[in-house]
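Undergrad: Before anything else, here's the structure in question.
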2 protein chains.
Amino acid sequence: MAEIGAEVTRHAVGDRVGVGCMVNSCRECENCRAGQEQYCLNGNTGTYTSVDRDGTITQGGYSTHIVVDEDFVLRVSEAIPYEKAAPLLCAGITTYSPLAHWNAGPGKKVAVVGMGGLGHMAVKIAAAMGAEVTVLSQTLSKKDDGLAFGGGDYHATSDPATFEALRNTFDLIINTVSAPIDMAAHLGLLRLDGTLVSVGAPPEPLPVPVFALFGNRRSFAGSGIGGIAETQEMLDFCAERGIAPEVEVIGADQVNEAYERVLRSDVRYRFVIDIDTLR
Amino acid sequence: MAEIGAEVTRHAVGDRVGVGCMVNSCRECENCRAGQEQYCLNGNTGTYTSVDRDGTITQGGYSTHIVVDEDFVLRVSEAIPYEKAAPLLCAGITTYSPLAHWNAGPGKKVAVVGMGGLGHMAVKIAAAMGAEVTVLSQTLSKKDDGLAFGGGDYHATSDPATFEALRNTFDLIINTVSAPIDMAAHLGLLRLDGTLVSVGAPPEPLPVPVFALFGNRRSFAGSGIGGIAETQEMLDFCAERGIAPEVEVIGADQVNEAYERVLRSDVRYRFVIDIDTLR
């Protein structure tokens with residue numbers, strides 16, 4: 001924290017703080033009042049190119065400084081290096097929130113679809129919550145990582161036998177894949193009252209065979225980041241449990257190369273830009 | 001009950017009983033053990049043209065007598081005439097089960113999509129459970145009925161203003177329409193953590209815009225009939241509350257005419273065949 005306004009009480013200069021994907025909300029609708037500012041009925045203010053309440057356009061975080069309302073600033077424990085805190089404020093909360101909401105924990109079987117930036121955090125957090133975690137990735141190429149991150153099991157979705165072997169198994173599936181997936185096959189993996197939660201989405205509607213929802217009274221849900229209180233809870237949880245994303249820190253001059261590598265899925269598991277290289 | 005086997009203990013000759021859409025299940029899988037025989041992992045035995053556990057084919061209920069395992073026979077209170085009990089064992093339990101599972105009750109806003117055989121029961125049962133019920137029907141032609149059945153409000157889905165006026169409103173939507181519906185529009189009616197449950201389904205996959213699930217952390221679920229214990233609970237609930245379907249009793253010689261009228265949606269709200277006319 002470099003500087004604070006005269007009326008700021010929640011933070012002090014010198015505090016270790018971070019800002020996530022959301023910098024404001026209406027604070028008046030029923031969702032904001034319920035602490036679910038991410039679902040603000042008047043639209044939350046995104047950190048990047050959103051129109052803020054005062055009419056200004058938000059400028060994002062690729063900068064040495066950012067001015068943010070104190071209520072949307074998170075405390076970052078000494079236990080979390082800044083380069084690890086950054087992805088927690090996006091991939092961390094995006095996976096923590098549905099895992100917490102749908103009660104991942106001891107006795108629950110959780111599958112994570114996709115082992116990228118979001119997926120690897122889902123595996124680490126679900127395992128730390130005490131759930132039995134299975135990774136479902138297109139291939140087995142990241143299997144060693146998946147097991148090291150806390151996965152008890154790892155299967156390839158490119159192998160049809162996976163969907164036979166794991167039918168009616170999971171209480172919760174966190175789908176981190178933004179491309180369309182075979183919904184009949186994936187929903188079939190849910191046991192009684194299980195839920196498949198997508199945290200990524202293809203631009204076009206996903207064809208859902210409704211009959212696949214009838215079996216086991218399954219649900220298909222969506223979830224977006226998390227509220228501010230929950231984001232703080234997630235940061236504290238990760239600090240306590242020693243959970244952090246795997247990151248590759250790059251300089252600002254490497255962003256084009258990093259972008260190409262992201263397109264090739266050649267990143268384990270998040271690039272973080274060292275903003276000091278902008279100075 | 002006309003006759004019982006030597007080992008039958010749950011029912012006696014002369015009892016008022018009924019049989020629903022399911023006459024057996026494996027009784028061993030985790031769903032059967034949980035009293036959710038309708039979701040039997042080895043496949044429940046349907047009353048109509050299913051292969052039963054002993055290899056015989058079930059013959060349905062269009063007959064003067066039916067032989068059924070005692071565990072799948074329901075007690076019907078004197079308060080429920082047989083012609084009203086019949087649709088309860090299908091439309092009644094199909095709507096009661098999701099309403100009970102997703103906690104329809106005081107303080108909950110429930111919408112029912114479609115005002116046919118299933119929908120009119122959903123309205124009556126949800127209202128009896130204490131929920132605030134809104135009917136969403138294609139037109140307002142059945143509005144008087146909907147309000148009489150317990151609906152507090154009634155809107156036409158053919159009017160786009162409906163979807164504007166009711167945005168972010170419902171905790172639960174019971175979709176009784178088997179044809180494809182506009183999922184973005186209908187999901188948009190759900191408030192925070194709301195669920196749209198389909199109890200009917202089109203044969204082809206339904207296109208679901210995943211972004212519509214992100215807002216308000218919405219869910220899209222399916223539900224099929226109910227377990228045997230829950231079916232008994234539903235019958236007892238309806239007997240106590242004086243809830244019954246609206247039926248038109250026909251003779252066996254009128255089935256072709258009735259079928260044509262069903263196709264024209266010209267039935268309020270279920271045809272029941274008087275099997276005595278078969279004798």
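Each chain in the structure tokens gets a letter, A, B and so on, in the order shown; residues start at 1 in every chain, and ligands are counted from 1 in the order they appear.
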Identify, on the basis of only C-alpha atoms, every residue whose closest approach to range 39-44 of chain B does not exceed 6 Å; exclude the query and any residue fewer than 6 positions from it along the same chain; express the result as a list of chain:residue names.
TA: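 Within the cut-off, the hits are A:Gly215, A:Asn216, B:Asn24, B:Ser25, B:Asn31, B:Cys32.
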Undergrad: List the spatial neighbours of Phe271 in chain B as JSON, numbers by chain - criterion: any atom at most 12 Å away, only C-alpha atoms, same-chain residues fewer than 2 positions off excluded.
TA: {"B": [83, 84, 86, 87, 91, 116, 117, 245, 246, 247, 248, 249, 250, 251, 252, 254, 255, 256, 257, 258, 259, 260, 261, 262, 265, 266, 267, 268, 269, 273, 274]}
Undergrad: At a cut-off of 7 Å, list the chain A residues touching chain B, using only C-alpha atoms, as a list in words.
TA: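 Within 7 Å of chain B on chain A, we get Asn31, Tyr39, Leu192, Ala201, Glu204, Pro205, Leu206, Pro207, Val208, Pro209, Val210, Phe211, Leu213, Phe214, Gly215, Asn216, Arg217, Arg218, Ser219, Phe220, Ala221, Gly222, Ser223 and Gly224 of chain A.
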Undergrad: One decimal, Å: what's the distance from CA of Arg279 in chain B over to CA of Thr64 in chain B, could you say?
TA: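 Pair CA of Arg279 in chain B / CA of Thr64 in chain B returns 7.4 Å.
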Undergrad: So which residues touch Thr157 in chain A within 7 Å, counting only C-alpha atoms, skipping near sequence neighbours fewer than 2 positions away, as a ChimeraX atom specification?
TA: /A:136-139,155,159-160,162
Undergrad: With DSSP run on the backbone, what are the strand (DSSP E or B) residues within range 120-262 of chain A? I'd like them as number ranges by chain.
TA: A: 132-137, 153-156, 170-175, 190-198, 206-208, 219-222, 247-250
Undergrad: What does the distance from CA of Val8 in chain B to CA of Phe72 in chain B come to in Å, to one decimal?
TA: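 So the two atoms, CA of Val8 in chain B and CA of Phe72 in chain B, lie 11.9 Å apart.
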Undergrad: Hey, what's within 12 Å of Ala85 in chain B if we count only C-alpha atoms and toss same-chain stuff fewer than 2 positions away? As a ChimeraX atom specification, please?
TA: /B:16-20,74-83,87-93,231-232,234-236,238-239,242-247,270,272
Undergrad: With N, CA, C and O atoms retained, could you export that selection as a compact mmCIF listing (two decimals), in the first residue's frame?
TA:
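Below you can see again_26.txt, which holds the result:
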```
# COMPACT_ATOMS: atom_id res chain seq x y z
N ARG B 16 -57.05 -49.84 0.02
CA ARG B 16 -57.03 -48.92 -1.12
C ARG B 16 -55.57 -48.68 -1.49
O ARG B 16 -54.83 -48.08 -0.70
N VAL B 17 -55.16 -49.10 -2.65
CA VAL B 17 -53.76 -48.98 -3.04
C VAL B 17 -53.62 -48.49 -4.48
O VAL B 17 -54.59 -48.50 -5.24
N GLY B 18 -52.40 -48.07 -4.81
CA GLY B 18 -52.11 -47.65 -6.17
C GLY B 18 -50.70 -48.04 -6.56
O GLY B 18 -49.87 -48.37 -5.69
N VAL B 19 -50.43 -48.01 -7.85
CA VAL B 19 -49.11 -48.33 -8.39
C VAL B 19 -48.71 -47.21 -9.33
O VAL B 19 -49.52 -46.77 -10.14
N GLY B 20 -47.49 -46.71 -9.18
CA GLY B 20 -47.02 -45.62 -10.01
C GLY B 20 -46.28 -46.10 -11.25
O GLY B 20 -46.60 -47.15 -11.82
N LEU B 74 -48.48 -48.41 -3.19
CA LEU B 74 -48.70 -47.24 -2.32
C LEU B 74 -50.08 -47.30 -1.68
O LEU B 74 -51.03 -47.75 -2.32
N ARG B 75 -50.19 -46.81 -0.46
CA ARG B 75 -51.48 -46.71 0.22
C ARG B 75 -52.17 -45.42 -0.23
O ARG B 75 -51.56 -44.35 -0.25
N VAL B 76 -53.45 -45.53 -0.59
CA VAL B 76 -54.22 -44.36 -1.04
C VAL B 76 -55.31 -44.08 -0.01
O VAL B 76 -56.18 -44.92 0.23
N SER B 77 -55.26 -42.91 0.57
CA SER B 77 -56.24 -42.50 1.59
C SER B 77 -57.66 -42.48 1.02
O SER B 77 -57.86 -42.23 -0.17
N GLU B 78 -58.63 -42.71 1.91
CA GLU B 78 -60.06 -42.60 1.53
C GLU B 78 -60.36 -41.20 0.97
O GLU B 78 -61.31 -41.02 0.21
N ALA B 79 -59.55 -40.23 1.37
CA ALA B 79 -59.80 -38.85 0.95
C ALA B 79 -59.51 -38.62 -0.54
O ALA B 79 -59.86 -37.57 -1.08
N ILE B 80 -58.82 -39.57 -1.17
CA ILE B 80 -58.46 -39.39 -2.59
C ILE B 80 -59.20 -40.39 -3.45
O ILE B 80 -58.94 -41.59 -3.40
N PRO B 81 -60.14 -39.93 -4.29
CA PRO B 81 -60.83 -40.85 -5.22
C PRO B 81 -59.79 -41.49 -6.15
O PRO B 81 -58.79 -40.85 -6.49
N TYR B 82 -60.03 -42.71 -6.59
CA TYR B 82 -59.06 -43.41 -7.43
C TYR B 82 -58.71 -42.63 -8.70
O TYR B 82 -57.55 -42.60 -9.12
N GLU B 83 -59.70 -41.99 -9.31
CA GLU B 83 -59.41 -41.28 -10.57
C GLU B 83 -58.51 -40.07 -10.32
O GLU B 83 -57.88 -39.56 -11.25
N PRO B 87 -53.27 -39.79 -11.52
CA PRO B 87 -52.28 -38.79 -11.95
C PRO B 87 -51.33 -38.36 -10.83
O PRO B 87 -50.20 -37.93 -11.10
N LEU B 88 -51.76 -38.48 -9.57
CA LEU B 88 -50.82 -38.15 -8.48
C LEU B 88 -49.60 -39.06 -8.54
O LEU B 88 -48.48 -38.63 -8.25
N LEU B 89 -49.82 -40.32 -8.94
CA LEU B 89 -48.72 -41.28 -8.96
C LEU B 89 -47.74 -41.02 -10.10
O LEU B 89 -46.70 -41.66 -10.19
N CYS B 90 -48.07 -40.07 -10.97
CA CYS B 90 -47.11 -39.69 -12.03
C CYS B 90 -46.86 -38.18 -11.97
O CYS B 90 -45.83 -37.74 -11.49
N ALA B 91 -47.83 -37.36 -12.38
CA ALA B 91 -47.63 -35.91 -12.37
C ALA B 91 -47.43 -35.39 -10.94
O ALA B 91 -46.65 -34.46 -10.70
N GLY B 92 -48.12 -36.00 -10.00
CA GLY B 92 -48.02 -35.54 -8.61
C GLY B 92 -46.62 -35.72 -8.06
O GLY B 92 -45.98 -34.76 -7.61
N ILE B 93 -46.10 -36.93 -8.13
CA ILE B 93 -44.77 -37.19 -7.56
C ILE B 93 -43.67 -36.52 -8.39
O ILE B 93 -42.66 -36.05 -7.86
N THR B 231 -43.09 -40.97 -2.54
CA THR B 231 -44.39 -41.04 -3.23
C THR B 231 -45.51 -41.22 -2.20
O THR B 231 -46.58 -40.59 -2.30
N GLN B 232 -45.23 -42.06 -1.18
CA GLN B 232 -46.23 -42.22 -0.11
C GLN B 232 -46.42 -40.90 0.64
O GLN B 232 -47.55 -40.49 0.94
N MET B 234 -46.00 -37.93 -0.56
CA MET B 234 -46.77 -37.04 -1.44
C MET B 234 -48.26 -37.36 -1.38
O MET B 234 -49.10 -36.46 -1.26
N LEU B 235 -48.60 -38.66 -1.43
CA LEU B 235 -50.02 -39.04 -1.38
C LEU B 235 -50.64 -38.60 -0.06
O LEU B 235 -51.77 -38.08 -0.03
N ASP B 236 -49.91 -38.78 1.03
CA ASP B 236 -50.43 -38.40 2.34
C ASP B 236 -50.56 -36.88 2.44
O ASP B 236 -51.53 -36.37 2.99
N CYS B 238 -51.08 -34.79 -0.05
CA CYS B 238 -52.21 -34.36 -0.88
C CYS B 238 -53.54 -34.71 -0.21
O CYS B 238 -54.50 -33.93 -0.28
N ALA B 239 -53.59 -35.86 0.45
CA ALA B 239 -54.83 -36.25 1.15
C ALA B 239 -55.12 -35.26 2.28
O ALA B 239 -56.24 -34.76 2.42
N GLY B 242 -56.05 -31.80 0.85
CA GLY B 242 -57.14 -31.78 -0.12
C GLY B 242 -56.69 -31.38 -1.52
O GLY B 242 -57.41 -30.71 -2.26
N ILE B 243 -55.48 -31.79 -1.87
CA ILE B 243 -54.95 -31.45 -3.20
C ILE B 243 -55.16 -32.62 -4.15
O ILE B 243 -54.84 -33.76 -3.81
N ALA B 244 -55.69 -32.32 -5.32
CA ALA B 244 -55.90 -33.38 -6.30
C ALA B 244 -55.82 -32.78 -7.69
O ALA B 244 -56.05 -31.59 -7.88
N PRO B 245 -55.48 -33.61 -8.65
CA PRO B 245 -55.44 -33.12 -10.03
C PRO B 245 -56.84 -32.88 -10.57
O PRO B 245 -57.81 -33.45 -10.07
N GLU B 246 -56.93 -32.03 -11.56
CA GLU B 246 -58.18 -31.86 -12.32
C GLU B 246 -58.18 -32.95 -13.38
O GLU B 246 -57.24 -33.03 -14.16
N VAL B 247 -59.23 -33.75 -13.40
CA VAL B 247 -59.26 -34.85 -14.36
C VAL B 247 -60.54 -34.89 -15.15
O VAL B 247 -61.58 -34.37 -14.72
N ARG B 270 -55.86 -33.66 -17.00
CA ARG B 270 -55.41 -35.02 -17.28
C ARG B 270 -56.62 -35.87 -17.65
O ARG B 270 -57.65 -35.80 -16.98
N VAL B 272 -58.22 -39.53 -17.52
CA VAL B 272 -58.06 -40.78 -16.77
C VAL B 272 -59.03 -41.78 -17.38
O VAL B 272 -60.22 -41.50 -17.54
```
Undergrad: Determine which residues of range 86-255 of chain A receive a DSSP assignment of helix (DSSP H, G or I), computed from the backbone, and state them as a ChimeraX atom specification.
TA: /A:86-101,117-128,143-148,160-165,183-187,211-217,228-241,252-255
Undergrad: Measuring atom to atom with only C-alpha atoms, identify which of B:Val123, B:Val112, B:Leu263, B:Leu118 is nearest to Leu172 in chain B.
TA: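 Comparing B:Val123, B:Val112, B:Leu263, B:Leu118 against Leu172 in chain B, the winner is B:Val112.
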